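For reference, the structure is listed below as structure tokens.
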Amino acid sequence: MQSQQVNHNMASLISYIMEGETNLAIAEVNRQIEAGVDRKEIILEAIQKAMELLGSKCTAEQFNLLEIMLAGRTATLIMKELYPDANGAPSTKGTVVIATLEGDVHDIGKNIVKIILITQGYKVIDCGKNCPIQTIVDAAETENAIAVLVSGLITNVIPQVKVVKQALADNNLSDIKVFAGGAALKQFTAESLNVDNVGETAFDVLRFLESEV
Ligand code: B12
């Protein structure tokens with residue numbers, strides 16, 4: 001269940017993201033950083049919240065593609081502002097594979113998880129969105145991955161999530177942990193999705209990798 005409560009300090013930034021006002025949003029982000037606000041708070045209380053609030057404009061009946069895409073672009077550019085060195089960060093902690101599954105084209109949350117992991121020292125193999133399970137299994141094998149991360153935003157992908165562990169096991173990769181997250185998956189238990197753990201936010205992945213792998 002998504003909460004519609006908004007952190008008062010983030011109200012302007014949330015509005016700028018929802019309106020796709022990138023310049024105003026970046027200026028506000030820099031103001032917040034200078035005021036000592038944590039990047040984690042900006043991600044969870046502004047980016048994630050703003051995109052959640054846009055959910056009502058993205059249903060089977062009502063679908064405002066331009067508005068949502070502009071907001072998504074602003075969210076992506078804020079991440080670049082928050083983590084400018086993400087691409088050059090050294091990777092020493094192991095390799096993870098990340099994807100959204102076939103039929104799911106949402107990738108904003110996946111990309112946030114990826115940036116956070118890269119900046120924390122992980123190598124991330126991004127299999128992209130709308131990705132067949134076999135592509136994930138092949139990448140995990142080739143890259144000697146320690147974990148597979150599944151990001152799921154639409155409920156249609158749930159049956160696929162449930163078979164990722166079996167697909168890995170069928171390829172003698174049962175040691176690889178599978179973690180799930182994203183708006184459509186976070187309300188389910190790990191048992192019901194047949195994964196090793198389910199996270200609420202991008203930062204839970206770090207906890208799982210440190211304590212369970
Ligand atoms: C943006 C958006 C789109 C964009 C996607 C652009 C893109 N490049 O991603 C576009 C316009 C393309 C789109 C299309 C559609 N969408 Co849409 N979309 C959204 C929206 C508004 C925001 C999603 C988002 O980016 N959130 C922000 C990120 C930051 O949050 P997040 O992904 O949850 O990630 C955070 C955490 O969950 C976590 N996390 C993410 N991945 C992982 C993985 C692991 C392992 C862990 C631990 C954590 C983790 O880290 C992030 C930061 O903390 C949501 C509303 C919502 N409530 O989410 C609807 C939503 C997901 N969409 C929905 C729908 C219905 C659709 C369409 C079917 C609409 C249509 N009529 O065609 C299509 C589906 C296309 C498809 N086949 O996939 C529904 C899904 C309903 C359902 N239960 O299935 C939602 C929920 C809206 C609603 N009605 O409530 N959408």
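Ordered as shown in the structure tokens, chains take letters A, B, and onward, while each chain numbers its residues from 1 and ligands are numbered from 1 in the order shown.
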Using only C-alpha atoms and all ligand atoms, which residues of the polymer chains come no farther than 6 Å from ligand 1? I'd like the answer as number ranges by chain. A: 44, 48, 51-52, 54-56, 58-60, 63, 65, 68-69, 72, 103-110, 112-113, 149-151, 153-155, 179-184, 198-202, 204-205
Quick one: pick out all alpha helix (DSSP H) residues within segment 102-197 of chain A from a backbone DSSP run and write them as a ChimeraX atom specification. /A:108-119,133-142,158-161,164-170,190-193
Give me the residues near segment 159-162 of chain A as a list of chain:residue names, where near means some atom within 10 Å (using only C-alpha atoms) and where sequence neighbours in that chain fewer than 6 positions away do not count. A:Thr100, A:Leu101, A:Glu102, A:Gly103, A:Pro132, A:Ile133, A:Val150, A:Ser151, A:Gly152, A:Val178, A:Phe179, A:Ala180, A:Leu185, A:Ala190, A:Glu191, A:Ser192, A:Leu193, A:Asn194, A:Val195
Give the answer as one residue: which of A:Val163, A:Leu82, A:Met18, A:Val213 has the shortest atom-to-atom distance to Gln32 of chain A, using only C-alpha atoms?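 Of the candidates, the smallest distance to Gln32 of chain A is held by A:Leu82.
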At a cut-off of 10 Å, using only C-alpha atoms, what residues contact segment 168-172 of chain A? Leave out same-chain residues fewer than 2 positions from it and give the result as a list of chain:residue names. A:Ile133, A:Gln134, A:Ile136, A:Val137, A:Asp138, A:Ala140, A:Glu141, A:Val148, A:Val163, A:Val164, A:Lys165, A:Gln166, A:Ser174, A:Asp175, A:Ile176, A:Lys177, A:Val178
Selected residues written out with N, CA and C atoms, as a short mmCIF file (atom, residue, chain, number, x, y, z; two decimals), in the first residue's frame:
```
data_model
loop_
_atom_site.label_atom_id
_atom_site.label_comp_id
_atom_site.auth_asym_id
_atom_site.auth_seq_id
_atom_site.Cartn_x
_atom_site.Cartn_y
_atom_site.Cartn_z
N ILE A 133 14.01 -14.33 -18.61
CA ILE A 133 14.75 -14.92 -17.48
C ILE A 133 16.05 -15.57 -17.95
N GLN A 134 16.02 -16.20 -19.12
CA GLN A 134 17.24 -16.89 -19.57
C GLN A 134 18.41 -15.91 -19.76
N ILE A 136 18.99 -13.34 -17.93
CA ILE A 136 19.50 -13.08 -16.57
C ILE A 136 20.36 -14.26 -16.11
N VAL A 137 19.87 -15.47 -16.35
CA VAL A 137 20.62 -16.67 -15.94
C VAL A 137 21.97 -16.71 -16.66
N ASP A 138 21.97 -16.45 -17.96
CA ASP A 138 23.22 -16.47 -18.73
C ASP A 138 24.20 -15.43 -18.20
N ALA A 140 24.28 -14.13 -15.18
CA ALA A 140 24.72 -14.52 -13.83
C ALA A 140 25.83 -15.56 -13.92
N GLU A 141 25.69 -16.48 -14.87
CA GLU A 141 26.70 -17.53 -15.02
C GLU A 141 28.00 -16.95 -15.58
N VAL A 148 21.15 -12.03 -7.93
CA VAL A 148 20.29 -11.54 -9.01
C VAL A 148 19.23 -10.64 -8.36
N VAL A 163 9.80 -18.04 -10.58
CA VAL A 163 10.59 -19.13 -11.17
C VAL A 163 12.06 -18.77 -11.41
N VAL A 164 12.48 -17.58 -10.99
CA VAL A 164 13.88 -17.18 -11.22
C VAL A 164 14.84 -18.11 -10.49
N LYS A 165 14.53 -18.42 -9.23
CA LYS A 165 15.44 -19.29 -8.45
C LYS A 165 15.55 -20.67 -9.10
N GLN A 166 14.40 -21.20 -9.58
CA GLN A 166 14.43 -22.51 -10.22
C GLN A 166 15.24 -22.47 -11.52
N SER A 174 22.40 -22.57 -8.00
CA SER A 174 21.50 -22.39 -6.86
C SER A 174 22.15 -21.63 -5.70
N ASP A 175 23.47 -21.40 -5.76
CA ASP A 175 24.11 -20.61 -4.70
C ASP A 175 23.82 -19.11 -4.84
N ILE A 176 23.39 -18.71 -6.01
CA ILE A 176 23.17 -17.27 -6.24
C ILE A 176 21.87 -16.83 -5.55
N LYS A 177 21.99 -15.79 -4.73
CA LYS A 177 20.81 -15.27 -4.03
C LYS A 177 19.93 -14.46 -5.00
N VAL A 178 18.62 -14.49 -4.74
CA VAL A 178 17.69 -13.70 -5.56
C VAL A 178 16.95 -12.74 -4.63
#
```
Just checking: using only C-alpha atoms, which residue out of A:Ala46, A:Lys40, A:Lys114, A:Ile33 ends up closest to Ser12 of chain A?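 Among the listed residues, the smallest separation from Ser12 of chain A belongs to A:Ala46.
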